[in-house]
Every structure is written in structure tokens, then in C-alpha cells.
Amino acid sequence: MVTAALCTVLLLTACAEVNPARPPDPPVPGTARIIDWSLRTLVSVLPDRTLAGQLFIVGVESEADGRPLTRLDERMRVVIADVQPGGMVLFGGSFKDVEQTLALIGGLHDASPVPPIVATDHEGGLVSRLTSSGGVPATRIPPASVVGRAVRALDEEGFSLAEELGRVMGRELWALGVTMNLAPVADVDPAGGVGAIGRHGRTFGDDPVHVGRTAAAVAKGLQEARVAAVVKHFPGHGGLTSDSHDGFAVLPTSAEELRDRELLAFALAFEAEPLGVMTAHFSVPRATGNDLPATISPEVKRMVREELGYDGLIVTDALNMRGLADIAPEPELVVRAVEAGADVLLKPLDPVAARDALLEARADGRIARATLEQSVLRIFSVKEKLGILGPRWAIDTAAAAGDLQSAVETLGAPEHRLLVERIIDLAGGSD
């Protein structure tokens with residue numbers, strides 16, 4: 001993959017004018033340094049329009065009613081060609097059956113000027129996109145609460161079980177061409193109780209050490225299967241009794257309490273080097289000193305980068321959620337999220353208008369080119385690690401999103417189902 005990024009320059013410049021900026025100096029010998037230099041060179045010559053588009057992961061859905069598409073329509077093709085998004089996110093309705101899913105994801109790659117990440121939420125339990133339609137014979141992953149109990153039952157050995165579950169999830173996602181999982185959840189339930197997330201079985205428990213280590217194990221397994229893990233919902237949604245899907249929420253936690261519980265769980269999850277972390281749409285005023293939702297709060301990004309030393313992708317939660325909708329119009333929220341340090345903007349309602357807002361902010365100096373370059377460098381580094389950036393991307397993706405027989409053999413494989421049965425048995429039953 002050493003020459004992958006430079007070859008992609010040719011792919012992009014065939015249809016777009018490059019930025020005339022001077023590329024970085026050649027690297028000193030060493031594979032990692034050469035790859036880094038190649039990616040920096042690629043980013044340095046891309047036009048602002050391409051850089052801005054790469055910050056978005058767009059929803060694949062119809063314009064009329066917002067329902068997930070099962071096949072790529074002309075409107076979506078036009079949006080992808082125009083915005084040049086860094087990726088697309090699929091929801092349960094897009095996974096109708098195996099053959100249809102492979103065709104849809106193959107079509108997303110064909111329509112994309114830049115090799116895209118294909119993401120979904122596949123936590124297990126309530127949030128299990130692969131199995132929600134019933135048409136894809138994937139393994140039914142148990143809720144995080146069940147996994148948490150099973151891990152506890154085995155003590156230290158339990159984390160190996162969680163890691164193997166992550167590999168199972170990753171293999172089945174990769175078999176369909178999905179290369180990013182917006183999971184696992186590293187939220188911690190309130191001590192001795194459950195919050196808005198935990199009520200649906202979406203947390204590993206109420207002990208931050210147990211939660212963080214379990215999330216790290218699942219993330220490690222996912223990434224061993226070449227699927228990027230995105231731990232969520234930073235700085236910790238678990239203690240909330242309200243849901244940011246429904247409206248603006250406030251976590252009344254002090255800075256000390258946040259560090260001792262929520263941030264501890266994320267710090268432990270980060271030990272697995274997940275490729276992304278998702279920020280949430282609620283505020284923590286006693287810890288940050290302001291009422292801004294985490295997604296647009298520079299203080300929250302400071303926690304990620306400086307306090308916890310994390311340098312992977314910072315991904316926003318979906319921009320169409322009501323936790324943000326009442327704060328400002330979407331184009332303004334997009335700009336404020338980037339100003340606050342977000343690298344990836346998830347599921348804008350209007351991808352074209354959102355991209356244009358970034359370009360306008362770039363033109364008037366509100367957002368520096370260096371800010372866009374840094375985020376795209378992180379995005380391209382993830383794509384390079386996953387093997388989807390460069391001259392072999394179509395071939396590599398075809399191994400996942402083009403081989404029907406391989407997908408059918410992988411999805412719901414007997415050994416995968418046996419692992420889940422063991423987890424449920426250790427947990428004392430499924431929720």
C-alpha cells in the first residue's frame with residue numbers, strides 16, 4: 001500500500017483541479033513514514049471541494065420520505081458524485097437480503113469519486129442493522145448488557161470472549177462490504193441503575209473498568225477483521241435519563257465525577273486503538289463550563305485529544321437528531337462541529353447544503369485549509385489501514401462486496417452461532 005495514496009491522486013485529478021500547494025518533503029526511509037508522506041502528499045494537492053466532501057458520511061436514503069434505500073437511485077448517485085463524501089452509512093432497511101446488499105454497496109463504490117467507507121450501527125440487541133429486516137442470515141448478536149454479564153462470569157477470560165465476538169461481528173460486516181461499525185458502546189450506566197441507553201440493553205454495565213475493557217476487547221476484535229470500530233457516545237451518555245434522539249439533554253455530572261467514571265471507561269477503550277470515537281449531542285456544563293452539546297464543544301474535543309491523548313477520528317453522532325436540531329440550522333452546526341474539532345460529520349439531512357456551508361466557511365476564513373487537511377489525513381489514514389484506499393481498492397472491496405458465496409458462508413456461520421449461544425448461557429439468558 002506504499003504507493004496507494006499517490007496513485008489515488010491520479011484517480012482524483014482526472015476529474016478535479018488540484019490545489020497547487022507545495023507537497024511535503026520526501027520522507028526518511030521506513031514503511032510507516034513513507035505511507036504517512038504519501039497520504040500527506042495526497043491531501044496537500046486536493047481541492048477544497050474534495051476535502052470538504054470527505055468529512056461527511058451521508059445517509060443512503062430516499063429524498064421523499066427518508067427511508068433507507070435498498071438500491072442506489074439516480075438522485076443518490078448525483079449527490080455522491082457532487083459531494084464526494086468520505087463514506088456512507090446504511091440502516092436496517094438497506095439490508096434486505098444478501099444479494100441486494102452486495103449490489104447496493106458495490107454501487108456505492110462505483111458511484112464514488114473517492115473510495116468510500118461504508119458504515120453502519122451494529123452493536124447487538126436493539127441496534128443490530130444486519131438482522132433487523134430478517135432477510136440477511138447474519139448471526140443475531142446479543143445486547144451489550146448480556147455480553148457484559150457473560151464477560152463478568154468468566155472474569156479475565158471473559159475479555160477474550162468479547163474480543164472473539166468482535167471478530168465475529170467484523171467478519172460478517174466485512175462479508176457484506178461494511179468497513180466501519182459505529183460501535184461498541186462505552187457508556188457507563190449509573191451505579192446500581194440504568195440510564196436511557198441501558199434501558200435498552202445497550203451498555204456493558206455500571207462499572208467503568210469493566211465497561212471500558214469490554215469495549216476495548218470488542219473494538220480489537222472488529223479491527224482484526226478489518227472493520228473500523230467507533231466507540232461511543234463520548235463523553236458518556238450512560239448517566240442520562242433522557243435520550244438525545246428526542247431533544248436537548250444535560251448530564252449534571254461534575255468534572256471529577258466525569259473523569260472517575262465516563263472518561264475512565266473511554267480511556268480504557270482507547271487502549272485498543274479504535275479508529276474512531278463518536279461524540280454525543282448532550283452537554284456537561286459542570287465539567288465543561290458551558291451548555292454546548294459535546295458535538296460542537298471545543299472543550300469536549302480537548303478532553304479527547306489532550307486529556308486522553310486520542311488521535312483517531314472524532315465522529316459526530318447523526319446530525320439529524322433532535323439533540324442538535326433545536327440549537328441552530330444544520331449548515332451552521334456543521335461549521336461549528338468542525339471548528340470544535342470534529343473530523344467526520346455523520347448523516348446530514350442535506351449533504352449538498354452541508355458541504356457548501358463548509359466551503360463558504362473556508363472561503364471567508366472561518367475554517368482554515370489546514371483544519372480540513374488534518375481531518376482528511378485522519379480519514380485517509382483509516383481508509384489506508386482498512387485497505388480501501390489506493391489502486392487495489394476495487395479488488396479489495398470485491399473480496400467483501402462482490403462474492404455472494406463467501407458472504408453466505410460467513411453470515412450466520414455455525415461457529416458464530418455457537419459463540420453467541422455460549423455468551424447467552426454464561427449471562428443466564430438473553431434480555
# chains A, B, ... in the order shown; residues from 1 in each chain; ligands from 1

$ select_by_dssp --residues "segment 57-297 of chain A" --states "strand (DSSP E)" --output "number ranges by chain"
A: 57-59, 87-90, 117-120, 122-124, 127-128, 180-181, 228-234, 249-250, 276-279, 282-283

$ closest_residue --among "A:Gly148, A:Val227, A:Ser133, A:His122" --to "Pro184 of chain A" --atoms "only C-alpha atoms"
A:His122

$ atom_distance --atom1 "atom CA of Thr288 of chain A" --atom2 "atom CA of Val231 of chain A"
20.9 Å

$ atom_distance --atom1 "atom CA of Val335 of chain A" --atom2 "atom CA of Leu313 of chain A"
16.9 Å

$ residues_around --residues "Ala255 of chain A" --least-positions-apart "2" --cutoff "7 Å" --atoms "only C-alpha atoms" --output "list in words"
Thr253, Glu257, Leu258, Arg259, Arg286 and Ala287 of chain A

$ residues_around --residues "Ile141 of chain A" --least-positions-apart "4" --cutoff "12 Å" --atoms "only C-alpha atoms" --output "MDAnalysis selection string"
chainID A and resid 122:132 137 145:147 162 165:170 172 202 411:412 416:424 430:431

$ residues_around --residues "segment 72-80 of chain A" --least-positions-apart "4" --cutoff "10 Å" --atoms "only C-alpha atoms" --output "PyMOL selection string"
chain A and resi 53+58-63+84-88+103-114+350-352

$ select_by_dssp --residues "segment 71-150 of chain A" --states "helix (DSSP H, G or I)" --output "PyMOL selection string"
chain A and resi 74-83+92-94+98-111+129-131+144-150

$ atom_distance --atom1 "atom CA of Gly276 of chain A" --atom2 "atom CA of Ile314 of chain A"
5.9 Å

$ residues_around --residues "segment 366-376 of chain A" --least-positions-apart "5" --cutoff "10 Å" --atoms "only C-alpha atoms" --output "ChimeraX atom specification"
/A:39-40,42-48,50-55,86,312-314,335-336,338-339,341-344,358-361,381-382

$ write_last_selection --atoms "N, CA and C atoms" --output "mmCIF file, in the first residue's frame"
data_model
loop_
_atom_site.group_PDB
_atom_site.id
_atom_site.type_symbol
_atom_site.label_atom_id
_atom_site.label_comp_id
_atom_site.auth_asym_id
_atom_site.auth_seq_id
_atom_site.Cartn_x
_atom_site.Cartn_y
_atom_site.Cartn_z
ATOM 1 N N LEU A 39 0.220 9.890 2.087
ATOM 2 C CA LEU A 39 -1.104 10.412 2.417
ATOM 3 C C LEU A 39 -1.079 11.932 2.542
ATOM 4 N N ARG A 40 -0.037 12.463 3.167
ATOM 5 C CA ARG A 40 0.075 13.916 3.295
ATOM 6 C C ARG A 40 0.208 14.575 1.923
ATOM 7 N N LEU A 42 -1.004 13.406 -0.896
ATOM 8 C CA LEU A 42 -2.330 13.340 -1.498
ATOM 9 C C LEU A 42 -3.220 14.453 -0.971
ATOM 10 N N VAL A 43 -3.276 14.595 0.337
ATOM 11 C CA VAL A 43 -4.159 15.599 0.946
ATOM 12 C C VAL A 43 -3.743 17.010 0.535
ATOM 13 N N SER A 44 -2.445 17.254 0.439
ATOM 14 C CA SER A 44 -1.959 18.607 0.151
ATOM 15 C C SER A 44 -2.337 19.109 -1.228
ATOM 16 N N VAL A 45 -2.626 18.213 -2.174
ATOM 17 C CA VAL A 45 -2.922 18.653 -3.538
ATOM 18 C C VAL A 45 -4.403 18.603 -3.883
ATOM 19 N N LEU A 46 -5.229 18.122 -2.968
ATOM 20 C CA LEU A 46 -6.657 18.033 -3.256
ATOM 21 C C LEU A 46 -7.316 19.410 -3.151
ATOM 22 N N PRO A 47 -8.299 19.686 -4.000
ATOM 23 C CA PRO A 47 -9.024 20.961 -3.920
ATOM 24 C C PRO A 47 -9.891 21.014 -2.667
ATOM 25 N N ASP A 48 -10.225 22.219 -2.238
ATOM 26 C CA ASP A 48 -11.060 22.402 -1.053
ATOM 27 C C ASP A 48 -12.376 21.636 -1.167
ATOM 28 N N THR A 50 -13.091 18.803 -2.604
ATOM 29 C CA THR A 50 -12.928 17.383 -2.285
ATOM 30 C C THR A 50 -12.656 17.195 -0.801
ATOM 31 N N LEU A 51 -11.806 18.051 -0.229
ATOM 32 C CA LEU A 51 -11.523 17.951 1.197
ATOM 33 C C LEU A 51 -12.800 18.093 2.012
ATOM 34 N N ALA A 52 -13.613 19.094 1.697
ATOM 35 C CA ALA A 52 -14.847 19.331 2.453
ATOM 36 C C ALA A 52 -15.784 18.132 2.347
ATOM 37 N N GLY A 53 -15.935 17.580 1.160
ATOM 38 C CA GLY A 53 -16.825 16.445 0.969
ATOM 39 C C GLY A 53 -16.399 15.231 1.752
ATOM 40 N N GLN A 54 -15.079 15.021 1.883
ATOM 41 C CA GLN A 54 -14.588 13.840 2.573
ATOM 42 C C GLN A 54 -14.935 13.809 4.059
ATOM 43 N N LEU A 55 -15.282 14.957 4.630
ATOM 44 C CA LEU A 55 -15.632 14.994 6.049
ATOM 45 C C LEU A 55 -17.014 14.402 6.338
ATOM 46 N N GLY A 86 -16.815 11.138 2.279
ATOM 47 C CA GLY A 86 -15.834 10.172 2.749
ATOM 48 C C GLY A 86 -16.423 8.797 2.944
ATOM 49 N N GLY A 312 -7.300 9.454 16.896
ATOM 50 C CA GLY A 312 -8.069 8.877 15.797
ATOM 51 C C GLY A 312 -9.171 9.819 15.339
ATOM 52 N N LEU A 313 -10.120 9.272 14.592
ATOM 53 C CA LEU A 313 -11.223 10.075 14.069
ATOM 54 C C LEU A 313 -12.195 10.466 15.174
ATOM 55 N N ILE A 314 -12.573 11.738 15.191
ATOM 56 C CA ILE A 314 -13.693 12.182 16.022
ATOM 57 C C ILE A 314 -14.902 12.288 15.097
ATOM 58 N N VAL A 335 -20.495 23.671 10.528
ATOM 59 C CA VAL A 335 -19.302 24.514 10.666
ATOM 60 C C VAL A 335 -18.817 24.522 12.107
ATOM 61 N N ARG A 336 -19.746 24.640 13.040
ATOM 62 C CA ARG A 336 -19.360 24.690 14.455
ATOM 63 C C ARG A 336 -18.758 23.363 14.918
ATOM 64 N N VAL A 338 -16.953 21.325 13.053
ATOM 65 C CA VAL A 338 -15.582 21.293 12.531
ATOM 66 C C VAL A 338 -14.697 22.255 13.321
ATOM 67 N N GLU A 339 -15.211 23.434 13.628
ATOM 68 C CA GLU A 339 -14.448 24.380 14.448
ATOM 69 C C GLU A 339 -14.098 23.773 15.805
ATOM 70 N N GLY A 341 -13.534 20.639 16.380
ATOM 71 C CA GLY A 341 -12.570 19.553 16.268
ATOM 72 C C GLY A 341 -13.081 18.264 15.669
ATOM 73 N N ALA A 342 -14.325 18.230 15.175
ATOM 74 C CA ALA A 342 -14.847 17.002 14.559
ATOM 75 C C ALA A 342 -14.150 16.735 13.231
ATOM 76 N N ASP A 343 -13.863 15.467 12.959
ATOM 77 C CA ASP A 343 -13.268 15.057 11.685
ATOM 78 C C ASP A 343 -14.313 14.537 10.711
ATOM 79 N N VAL A 344 -15.339 13.877 11.236
ATOM 80 C CA VAL A 344 -16.355 13.239 10.395
ATOM 81 C C VAL A 344 -17.734 13.716 10.838
ATOM 82 N N LEU A 358 -19.446 24.310 4.581
ATOM 83 C CA LEU A 358 -18.011 24.205 4.870
ATOM 84 C C LEU A 358 -17.178 25.000 3.872
ATOM 85 N N LEU A 359 -17.545 24.923 2.603
ATOM 86 C CA LEU A 359 -16.805 25.668 1.581
ATOM 87 C C LEU A 359 -16.930 27.176 1.801
ATOM 88 N N GLU A 360 -18.113 27.628 2.185
ATOM 89 C CA GLU A 360 -18.302 29.055 2.460
ATOM 90 C C GLU A 360 -17.464 29.477 3.664
ATOM 91 N N ALA A 361 -17.448 28.627 4.702
ATOM 92 C CA ALA A 361 -16.639 28.933 5.882
ATOM 93 C C ALA A 361 -15.154 28.922 5.543
ATOM 94 N N SER A 381 -6.039 7.977 6.470
ATOM 95 C CA SER A 381 -5.229 7.004 7.213
ATOM 96 C C SER A 381 -6.067 5.795 7.591
ATOM 97 N N VAL A 382 -7.332 6.037 7.989
ATOM 98 C CA VAL A 382 -8.235 4.935 8.293
ATOM 99 C C VAL A 382 -8.493 4.113 7.034
#

$ closest_residue --among "A:Leu268, A:Ala337, A:Leu102, A:Val151" --to "Asp187 of chain A" --atoms "only C-alpha atoms"
A:Leu268
